[in-house]
Amino acid sequence: MISNIRSLFLSITFFSLFLLVSCHSSDDTDITPPEVNIEEAKLSDFPLFGVDVTEINITDPEIINNKETKFGEIKIIVPARTSLDEIAASITSQELDLSKFSIAPGNDELLSFENEKVHVFTISAIATNTDILHYEVSIVKEEVLVPETLRITSFTFEKSKNPNLPDDVTISKTVEASGLDKIYLFVPSGTDFTDLIPTVAFDGTKLYYSQESSSPGPGIEYPAEDTSFDFKYPKVFNLTVEDRNGDKRKTTAVIVDVINPVKLEAISVTTPDVTQGTSPYFTGITKWTNQGNHIINFQKATTYEDVSPVITPAPSEWPITVDRSLPGGGLKPGESANVNVQVSQYYPEGIYKSTAVFYTRIFQDNDSDDLLEPAKLQITANIVSDDDW
């Protein structure tokens with residue numbers, strides 16, 4: 001009897017343990033979460049609270065076999081006026097399924113993105129409370145586009161690139177106009193104009209050059225490497241600056257010459273003796289030559305200085321006057337012409353001296369007025385008496 005009771009008790013105990021173990025095993029199976037598909041945790045956008053966004057670029061994390069192998073990147077550009085301090089995200093269910101995933105830092109955290117600061121945002125699976133994806137987030141201000149002036153800001157013949165020059169040659173004068181701008185550079189006399197390497201800086205997006213006097217377009221794109229150009233007359237050299245949109249252009253003519261284009265065959269001349277009461281005209285008493293690089297003509301009338309003897313009051317006509325012969329169309333580079341002297345008949349005997357000052361400009365170029373150095377010729381005339389006059 002007792003043995004039977006003991007057997008019954010053991011049976012009931014084993015059955016209870018079986019039920020307990022069975023129930024516990026069933027409960028564990030019920031709370032085990034399903035596998036998380038981390039592809040679903042990718043962000044579709046990244047709005048900012050109260051901040052306008054100019055541009056946003058999202059690079060998703062790299063995922064292999066449902067595991068993140070490389071962080072994603074989010075690069076945001078905001079208007080230039082925006083403060084990059086105390087910025088908060090504004091992630092909603094439109095950008096991330098918040099029933100399955102969370103993101104940190106959260107929308108209630110204010111972050112600074114000053115000085116190119118990068119913050120890592122972590123996306124976690126709610127079911128497993130594990131971090132599964134990451135995004136490196138940076139915010140920068142959009143570049144403020146400064147209006148382009150479309151002008152040549154610097155044009156130099158550097159000695160290091162032009163060893164025949166004694167020093168660097170820079171712009172001597174800039175003329176800005178509604179149509180064609182001009183820049184003037186002056187090299188030493190005797191410079192080879194056919195072989196000069198310029199260094200150019202400009203305010204614009206593209207630079208073109210042309211050596212044709214009337215080209216239909218902006219010309220040829222200016223080479224990035226140092227290049228030698230031929231500036232010798234009758235070659236022209238025009239630079240055209242184009243804006244970033246390609247719809248606005250400005251052209252500048254580059255004039256390369258010498259500052260002293262007039263070379264006199266003699267800087268001091270003496271006329272044959274002049275008989276008092278006569279007014280001889282001495283043709284070709286010396287010559288003037290264009291040693292420059294452009295056609296030249298007269299800029300203004302000849303003036304006189306160092307007149308001797310001093311006459312008071314000053315006469316309306318100097319005792320000695322000088323003129324230069326000028327071919328039609330101006331004096332071309334390398335050409336020469338006569339310098340002529342006339343002595344007035346109204347002066348008594350004596351020795352008369354003066355210095356003629358010749359002013360020159362580049363032909364049909366008023367902007368070169370007073371730009372070129374004048375040439376000076378000293379003249380002496382001896383007026384002798386004529387007892388019969």
# chains A, B, ... in the order shown; residues from 1 in each chain; ligands from 1
$ residues_around --residues "Asp167 in chain A" --least-positions-apart "3" --cutoff "12 Å" --atoms "only C-alpha atoms" --output "list in words"
Thr156, Phe157, Glu158, Lys159, Ser160, Lys161, Asn162, Pro163, Asn164, Thr170, Phe186, Val187 and Pro188 of chain A
$ residues_around --residues "range 363-368 of chain A" --least-positions-apart "2" --cutoff "6 Å" --atoms "only C-alpha atoms" --output "MDAnalysis selection string"
chainID A and resid 295:297 361 371
$ write_last_selection --atoms "C-alpha atoms" --output "PDB file, in the first residue's frame"
ATOM      1  CA  ILE A 295      52.163 103.468 -85.761  1.00  0.00           C
ATOM      2  CA  ILE A 296      52.626 106.874 -84.177  1.00  0.00           C
ATOM      3  CA  ASN A 297      51.626 110.451 -84.961  1.00  0.00           C
ATOM      4  CA  ARG A 361      50.764 109.286 -79.378  1.00  0.00           C
ATOM      5  CA  LEU A 371      51.562 108.380 -71.960  1.00  0.00           C
TER       6      LEU A 371
END
$ select_by_dssp --residues "range 119-330 of chain A" --states "strand (DSSP E)" --output "compact mmCIF listing (two decimals) with N, CA and C atoms, in the first residue's frame"
# COMPACT_ATOMS: atom_id res chain seq x y z
N HIS A 119 28.82 65.18 -36.95
CA HIS A 119 28.17 64.39 -35.90
C HIS A 119 27.71 63.05 -36.47
N VAL A 120 27.88 61.99 -35.67
CA VAL A 120 27.45 60.65 -36.07
C VAL A 120 26.07 60.38 -35.47
N PHE A 121 25.11 60.10 -36.34
CA PHE A 121 23.75 59.74 -35.90
C PHE A 121 23.61 58.22 -36.01
N THR A 122 23.14 57.64 -34.92
CA THR A 122 23.05 56.17 -34.82
C THR A 122 21.59 55.74 -34.84
N ILE A 123 21.29 54.77 -35.69
CA ILE A 123 19.94 54.19 -35.76
C ILE A 123 19.96 52.82 -35.09
N SER A 124 19.02 52.62 -34.17
CA SER A 124 18.95 51.37 -33.39
C SER A 124 17.64 50.66 -33.66
N ALA A 125 17.68 49.33 -33.56
CA ALA A 125 16.46 48.52 -33.69
C ALA A 125 15.80 48.45 -32.31
N THR A 130 19.65 47.28 -30.31
CA THR A 130 21.01 47.23 -30.83
C THR A 130 21.21 48.29 -31.90
N ASP A 131 22.42 48.81 -31.96
CA ASP A 131 22.77 49.78 -32.99
C ASP A 131 23.00 49.05 -34.30
N ILE A 132 22.37 49.55 -35.36
CA ILE A 132 22.49 48.82 -36.63
C ILE A 132 23.03 49.66 -37.77
N LEU A 133 22.74 50.97 -37.80
CA LEU A 133 23.24 51.84 -38.88
C LEU A 133 23.75 53.15 -38.31
N HIS A 134 24.66 53.77 -39.07
CA HIS A 134 25.23 55.05 -38.66
C HIS A 134 25.34 55.98 -39.87
N TYR A 135 25.13 57.28 -39.61
CA TYR A 135 25.31 58.32 -40.63
C TYR A 135 26.20 59.42 -40.07
N GLU A 136 27.24 59.80 -40.83
CA GLU A 136 28.07 60.96 -40.48
C GLU A 136 27.44 62.19 -41.13
N VAL A 137 26.99 63.13 -40.30
CA VAL A 137 26.23 64.28 -40.78
C VAL A 137 27.07 65.55 -40.67
N SER A 138 27.16 66.28 -41.77
CA SER A 138 27.87 67.57 -41.78
C SER A 138 26.96 68.61 -42.42
N ILE A 139 27.08 69.85 -41.95
CA ILE A 139 26.28 70.96 -42.48
C ILE A 139 27.22 72.13 -42.77
N VAL A 140 27.15 72.65 -43.98
CA VAL A 140 27.98 73.81 -44.35
C VAL A 140 27.09 74.86 -45.00
N LYS A 141 27.59 76.07 -45.00
CA LYS A 141 26.86 77.17 -45.64
C LYS A 141 27.16 77.18 -47.14
N ARG A 151 37.30 91.39 -65.69
CA ARG A 151 38.39 92.28 -66.04
C ARG A 151 39.73 91.58 -65.82
N ILE A 152 40.73 92.09 -66.51
CA ILE A 152 42.09 91.62 -66.31
C ILE A 152 42.63 92.31 -65.07
N THR A 153 42.95 91.55 -64.05
CA THR A 153 43.41 92.14 -62.79
C THR A 153 44.93 92.27 -62.75
N SER A 154 45.62 91.49 -63.56
CA SER A 154 47.08 91.57 -63.59
C SER A 154 47.58 91.01 -64.92
N PHE A 155 48.57 91.71 -65.47
CA PHE A 155 49.23 91.24 -66.70
C PHE A 155 50.69 91.64 -66.57
N THR A 156 51.56 90.63 -66.54
CA THR A 156 52.97 90.88 -66.24
C THR A 156 53.86 90.08 -67.18
N LYS A 173 49.13 101.48 -67.49
CA LYS A 173 47.87 102.23 -67.53
C LYS A 173 46.74 101.28 -67.92
N THR A 174 45.61 101.45 -67.27
CA THR A 174 44.40 100.69 -67.60
C THR A 174 43.30 101.66 -67.98
N VAL A 175 42.65 101.39 -69.08
CA VAL A 175 41.53 102.22 -69.53
C VAL A 175 40.29 101.32 -69.59
N LEU A 180 35.51 98.41 -75.27
CA LEU A 180 36.79 97.72 -75.20
C LEU A 180 37.68 98.34 -74.13
N ASP A 181 38.11 97.53 -73.16
CA ASP A 181 39.10 98.00 -72.20
C ASP A 181 40.49 97.94 -72.84
N LYS A 182 41.44 98.67 -72.25
CA LYS A 182 42.82 98.64 -72.75
C LYS A 182 43.77 98.58 -71.57
N ILE A 183 44.87 97.87 -71.76
CA ILE A 183 45.97 97.93 -70.81
C ILE A 183 47.26 98.19 -71.60
N TYR A 184 48.14 99.02 -71.03
CA TYR A 184 49.38 99.39 -71.68
C TYR A 184 50.55 98.89 -70.86
N LEU A 185 51.51 98.26 -71.55
CA LEU A 185 52.75 97.82 -70.91
C LEU A 185 53.92 98.30 -71.76
N PHE A 186 54.99 98.72 -71.08
CA PHE A 186 56.14 99.26 -71.80
C PHE A 186 57.40 98.48 -71.44
N THR A 199 52.13 86.63 -67.90
CA THR A 199 51.45 85.99 -66.78
C THR A 199 50.18 86.80 -66.51
N VAL A 200 49.04 86.13 -66.61
CA VAL A 200 47.75 86.84 -66.59
C VAL A 200 46.91 86.38 -65.41
N ALA A 201 46.28 87.34 -64.73
CA ALA A 201 45.27 87.06 -63.72
C ALA A 201 44.00 87.82 -64.11
N PHE A 202 42.85 87.22 -63.83
CA PHE A 202 41.59 87.83 -64.25
C PHE A 202 40.48 87.49 -63.27
N ASP A 203 39.43 88.32 -63.29
CA ASP A 203 38.26 88.08 -62.45
C ASP A 203 37.13 87.62 -63.35
N LYS A 206 36.30 82.09 -67.33
CA LYS A 206 37.12 81.61 -68.44
C LYS A 206 37.83 82.78 -69.10
N LEU A 207 38.98 82.47 -69.69
CA LEU A 207 39.78 83.48 -70.37
C LEU A 207 40.12 82.99 -71.78
N TYR A 208 39.92 83.88 -72.76
CA TYR A 208 40.23 83.57 -74.15
C TYR A 208 41.19 84.64 -74.68
N TYR A 209 41.90 84.29 -75.76
CA TYR A 209 42.75 85.28 -76.41
C TYR A 209 42.52 85.23 -77.91
N SER A 210 42.79 86.36 -78.55
CA SER A 210 42.67 86.45 -80.00
C SER A 210 43.75 87.38 -80.52
N ILE A 220 40.41 81.91 -78.68
CA ILE A 220 40.89 80.60 -78.25
C ILE A 220 41.06 80.62 -76.74
N GLU A 221 40.69 79.52 -76.09
CA GLU A 221 40.82 79.48 -74.63
C GLU A 221 42.29 79.64 -74.26
N ASN A 238 44.21 90.49 -77.92
CA ASN A 238 43.01 90.78 -77.14
C ASN A 238 42.71 89.63 -76.19
N LEU A 239 42.31 89.98 -74.98
CA LEU A 239 41.91 89.00 -73.98
C LEU A 239 40.43 89.19 -73.67
N THR A 240 39.69 88.08 -73.62
CA THR A 240 38.25 88.14 -73.33
C THR A 240 37.96 87.29 -72.10
N VAL A 241 37.35 87.92 -71.09
CA VAL A 241 36.97 87.22 -69.87
C VAL A 241 35.48 86.89 -69.94
N GLU A 242 35.15 85.65 -69.60
CA GLU A 242 33.76 85.19 -69.66
C GLU A 242 33.27 84.84 -68.26
N ARG A 249 30.63 88.70 -71.42
CA ARG A 249 32.05 88.74 -71.75
C ARG A 249 32.54 90.18 -71.74
N LYS A 250 33.84 90.33 -71.51
CA LYS A 250 34.48 91.63 -71.58
C LYS A 250 35.85 91.45 -72.21
N THR A 251 36.14 92.29 -73.22
CA THR A 251 37.39 92.17 -73.96
C THR A 251 38.32 93.32 -73.62
N THR A 252 39.60 92.98 -73.47
CA THR A 252 40.64 93.96 -73.17
C THR A 252 41.73 93.86 -74.23
N ALA A 253 42.07 95.00 -74.82
CA ALA A 253 43.18 95.06 -75.77
C ALA A 253 44.48 95.27 -75.00
N VAL A 254 45.49 94.46 -75.30
CA VAL A 254 46.79 94.57 -74.65
C VAL A 254 47.74 95.28 -75.60
N ILE A 255 48.22 96.46 -75.20
CA ILE A 255 49.14 97.25 -76.03
C ILE A 255 50.52 97.18 -75.41
N VAL A 256 51.46 96.59 -76.14
CA VAL A 256 52.84 96.45 -75.66
C VAL A 256 53.73 97.31 -76.54
N ASP A 257 54.48 98.23 -75.93
CA ASP A 257 55.29 99.16 -76.71
C ASP A 257 56.48 99.60 -75.86
N VAL A 262 60.06 107.61 -80.06
CA VAL A 262 60.74 108.51 -81.00
C VAL A 262 62.24 108.51 -80.71
N LYS A 263 63.00 108.11 -81.71
CA LYS A 263 64.45 108.16 -81.62
C LYS A 263 64.96 109.20 -82.62
N LEU A 264 65.72 110.18 -82.12
CA LEU A 264 66.28 111.22 -82.99
C LEU A 264 67.67 110.81 -83.47
N SER A 268 71.20 117.08 -80.85
CA SER A 268 71.62 118.49 -80.88
C SER A 268 72.07 118.83 -82.29
N VAL A 269 71.52 119.90 -82.86
CA VAL A 269 71.88 120.31 -84.21
C VAL A 269 72.14 121.81 -84.24
N THR A 270 72.99 122.21 -85.19
CA THR A 270 73.26 123.63 -85.43
C THR A 270 73.00 123.92 -86.89
N VAL A 274 72.59 132.04 -90.57
CA VAL A 274 71.41 132.64 -91.17
C VAL A 274 71.65 134.14 -91.32
N THR A 275 71.44 134.64 -92.53
CA THR A 275 71.61 136.08 -92.77
C THR A 275 70.42 136.84 -92.20
N TYR A 281 64.47 127.83 -94.45
CA TYR A 281 63.79 126.60 -93.97
C TYR A 281 64.73 125.44 -94.28
N PHE A 282 65.30 124.87 -93.25
CA PHE A 282 66.27 123.80 -93.42
C PHE A 282 65.54 122.45 -93.34
N THR A 283 65.48 121.77 -94.49
CA THR A 283 64.77 120.49 -94.56
C THR A 283 65.73 119.35 -94.23
N GLY A 284 65.26 118.44 -93.38
CA GLY A 284 66.04 117.25 -93.07
C GLY A 284 67.31 117.54 -92.31
N ILE A 285 67.24 118.49 -91.39
CA ILE A 285 68.44 118.81 -90.62
C ILE A 285 68.83 117.64 -89.71
N THR A 286 67.86 116.80 -89.41
CA THR A 286 68.09 115.51 -88.77
C THR A 286 66.84 114.67 -89.05
N LYS A 287 66.77 113.46 -88.51
CA LYS A 287 65.62 112.57 -88.74
C LYS A 287 65.09 112.04 -87.41
N TRP A 288 63.82 111.71 -87.47
CA TRP A 288 63.23 111.02 -86.32
C TRP A 288 62.74 109.66 -86.78
N THR A 289 62.94 108.65 -85.94
CA THR A 289 62.62 107.26 -86.28
C THR A 289 61.66 106.68 -85.25
N ASN A 290 60.72 105.89 -85.73
CA ASN A 290 59.82 105.18 -84.83
C ASN A 290 60.49 103.87 -84.40
N ILE A 296 52.73 105.71 -85.04
CA ILE A 296 52.63 106.87 -84.18
C ILE A 296 52.36 108.13 -85.01
N ASN A 297 51.79 109.13 -84.35
CA ASN A 297 51.63 110.45 -84.96
C ASN A 297 51.75 111.50 -83.86
N PHE A 298 51.45 112.74 -84.21
CA PHE A 298 51.63 113.83 -83.25
C PHE A 298 50.53 113.80 -82.20
N GLN A 299 50.93 114.06 -80.95
CA GLN A 299 49.95 114.15 -79.88
C GLN A 299 49.49 115.59 -79.68
N LYS A 300 50.43 116.52 -79.78
CA LYS A 300 50.10 117.94 -79.71
C LYS A 300 51.26 118.72 -80.32
N ALA A 301 51.10 120.03 -80.41
CA ALA A 301 52.10 120.87 -81.06
C ALA A 301 53.41 120.86 -80.28
N THR A 302 54.49 121.07 -81.02
CA THR A 302 55.82 121.14 -80.42
C THR A 302 55.91 122.35 -79.49
N THR A 303 56.54 122.16 -78.35
CA THR A 303 56.78 123.27 -77.43
C THR A 303 58.29 123.51 -77.34
N TYR A 304 58.65 124.63 -76.68
CA TYR A 304 60.07 124.99 -76.62
C TYR A 304 60.44 125.36 -75.19
N GLU A 305 61.63 124.96 -74.81
CA GLU A 305 62.15 125.28 -73.49
C GLU A 305 63.64 125.65 -73.62
N ASP A 306 64.17 126.21 -72.55
CA ASP A 306 65.59 126.62 -72.52
C ASP A 306 65.91 127.60 -73.66
N VAL A 307 64.99 128.53 -73.90
CA VAL A 307 65.18 129.50 -74.98
C VAL A 307 66.23 130.52 -74.56
N SER A 308 67.16 130.79 -75.47
CA SER A 308 68.24 131.75 -75.21
C SER A 308 68.52 132.55 -76.50
N ILE A 320 63.48 130.29 -83.41
CA ILE A 320 63.70 129.04 -84.13
C ILE A 320 62.48 128.15 -83.93
N THR A 321 61.90 127.66 -85.01
CA THR A 321 60.78 126.72 -84.93
C THR A 321 61.16 125.44 -85.66
N VAL A 322 60.59 124.34 -85.16
CA VAL A 322 60.93 123.02 -85.68
C VAL A 322 59.64 122.28 -86.00
N ASP A 323 59.67 121.50 -87.06
CA ASP A 323 58.54 120.62 -87.36
C ASP A 323 59.06 119.28 -87.84
N ARG A 324 58.22 118.28 -87.73
CA ARG A 324 58.57 116.93 -88.18
C ARG A 324 57.71 116.55 -89.38
$ atom_distance --atom1 "CA of Ile379 in chain A" --atom2 "CA of Pro261 in chain A"
20.7 Å
$ closest_residue --among "A:Asn382, A:Ile351, A:Gly190, A:Asn37" --to "Gln291 in chain A" --atoms "only C-alpha atoms"
A:Gly190
$ atom_distance --atom1 "CA of Glu212 in chain A" --atom2 "CA of Tyr359 in chain A"
29.6 Å
$ closest_residue --among "A:Asn260, A:Gln276, A:Ser90, A:Asn129" --to "Thr360 in chain A" --atoms "only C-alpha atoms"
A:Asn260
$ atom_distance --atom1 "CA of Ser213 in chain A" --atom2 "CA of Gly334 in chain A"
21.5 Å
$ closest_residue --among "A:Glu116, A:Ser279, A:Leu331, A:Asp369" --to "Ala381 in chain A" --atoms "only C-alpha atoms"
A:Ser279
$ closest_residue --among "A:Ile383, A:Val146, A:Ile38, A:Val310" --to "Ser344 in chain A" --atoms "only C-alpha atoms"
A:Ile383
$ closest_residue --among "A:Asn107, A:Ser102, A:Asn57, A:Ser336" --to "Ile74 in chain A" --atoms "only C-alpha atoms"
A:Asn57
$ decode --residues "range 78-91 of chain A" --atoms "N, CA, C and O atoms" --output "PDB file, in the first residue's frame"
ATOM      1  N   VAL A  78      23.193  74.761 -46.395  1.00  0.00           N
ATOM      2  CA  VAL A  78      22.134  75.675 -45.972  1.00  0.00           C
ATOM      3  C   VAL A  78      22.483  77.079 -46.477  1.00  0.00           C
ATOM      4  O   VAL A  78      23.620  77.346 -46.859  1.00  0.00           O
ATOM      5  N   PRO A  79      21.499  78.000 -46.509  1.00  0.00           N
ATOM      6  CA  PRO A  79      21.787  79.369 -46.947  1.00  0.00           C
ATOM      7  C   PRO A  79      22.895  80.014 -46.132  1.00  0.00           C
ATOM      8  O   PRO A  79      23.098  79.687 -44.954  1.00  0.00           O
ATOM      9  N   ALA A  80      23.624  80.929 -46.757  1.00  0.00           N
ATOM     10  CA  ALA A  80      24.794  81.545 -46.138  1.00  0.00           C
ATOM     11  C   ALA A  80      24.458  82.283 -44.848  1.00  0.00           C
ATOM     12  O   ALA A  80      25.301  82.412 -43.960  1.00  0.00           O
ATOM     13  N   ARG A  81      23.239  82.777 -44.739  1.00  0.00           N
ATOM     14  CA  ARG A  81      22.859  83.557 -43.554  1.00  0.00           C
ATOM     15  C   ARG A  81      22.565  82.675 -42.338  1.00  0.00           C
ATOM     16  O   ARG A  81      22.378  83.180 -41.223  1.00  0.00           O
ATOM     17  N   THR A  82      22.503  81.347 -42.491  1.00  0.00           N
ATOM     18  CA  THR A  82      22.105  80.425 -41.430  1.00  0.00           C
ATOM     19  C   THR A  82      23.207  80.263 -40.388  1.00  0.00           C
ATOM     20  O   THR A  82      24.383  80.124 -40.728  1.00  0.00           O
ATOM     21  N   SER A  83      22.813  80.260 -39.112  1.00  0.00           N
ATOM     22  CA  SER A  83      23.755  79.941 -38.042  1.00  0.00           C
ATOM     23  C   SER A  83      23.912  78.425 -37.968  1.00  0.00           C
ATOM     24  O   SER A  83      22.940  77.675 -38.032  1.00  0.00           O
ATOM     25  N   LEU A  84      25.149  77.978 -37.819  1.00  0.00           N
ATOM     26  CA  LEU A  84      25.417  76.540 -37.733  1.00  0.00           C
ATOM     27  C   LEU A  84      25.473  76.062 -36.286  1.00  0.00           C
ATOM     28  O   LEU A  84      25.851  74.916 -36.026  1.00  0.00           O
ATOM     29  N   ASP A  85      25.082  76.901 -35.371  1.00  0.00           N
ATOM     30  CA  ASP A  85      25.070  76.545 -33.953  1.00  0.00           C
ATOM     31  C   ASP A  85      23.636  76.239 -33.512  1.00  0.00           C
ATOM     32  O   ASP A  85      22.674  76.815 -34.019  1.00  0.00           O
ATOM     33  N   GLU A  86      23.507  75.299 -32.577  1.00  0.00           N
ATOM     34  CA  GLU A  86      22.213  74.917 -31.995  1.00  0.00           C
ATOM     35  C   GLU A  86      21.220  74.488 -33.083  1.00  0.00           C
ATOM     36  O   GLU A  86      20.133  75.041 -33.224  1.00  0.00           O
ATOM     37  N   ILE A  87      21.600  73.479 -33.815  1.00  0.00           N
ATOM     38  CA  ILE A  87      20.750  72.912 -34.860  1.00  0.00           C
ATOM     39  C   ILE A  87      20.254  71.548 -34.395  1.00  0.00           C
ATOM     40  O   ILE A  87      21.019  70.739 -33.870  1.00  0.00           O
ATOM     41  N   ALA A  88      18.967  71.297 -34.611  1.00  0.00           N
ATOM     42  CA  ALA A  88      18.362  70.023 -34.231  1.00  0.00           C
ATOM     43  C   ALA A  88      17.778  69.343 -35.460  1.00  0.00           C
ATOM     44  O   ALA A  88      17.294  70.001 -36.386  1.00  0.00           O
ATOM     45  N   ALA A  89      17.850  68.007 -35.456  1.00  0.00           N
ATOM     46  CA  ALA A  89      17.198  67.238 -36.524  1.00  0.00           C
ATOM     47  C   ALA A  89      15.696  67.249 -36.307  1.00  0.00           C
ATOM     48  O   ALA A  89      15.204  67.580 -35.215  1.00  0.00           O
ATOM     49  N   SER A  90      14.972  66.882 -37.330  1.00  0.00           N
ATOM     50  CA  SER A  90      13.509  66.818 -37.227  1.00  0.00           C
ATOM     51  C   SER A  90      13.034  65.570 -37.961  1.00  0.00           C
ATOM     52  O   SER A  90      12.315  65.630 -38.954  1.00  0.00           O
ATOM     53  N   ILE A  91      13.459  64.410 -37.435  1.00  0.00           N
ATOM     54  CA  ILE A  91      13.160  63.132 -38.075  1.00  0.00           C
ATOM     55  C   ILE A  91      11.758  62.677 -37.690  1.00  0.00           C
ATOM     56  O   ILE A  91      11.419  62.603 -36.505  1.00  0.00           O
TER      57      ILE A  91
END
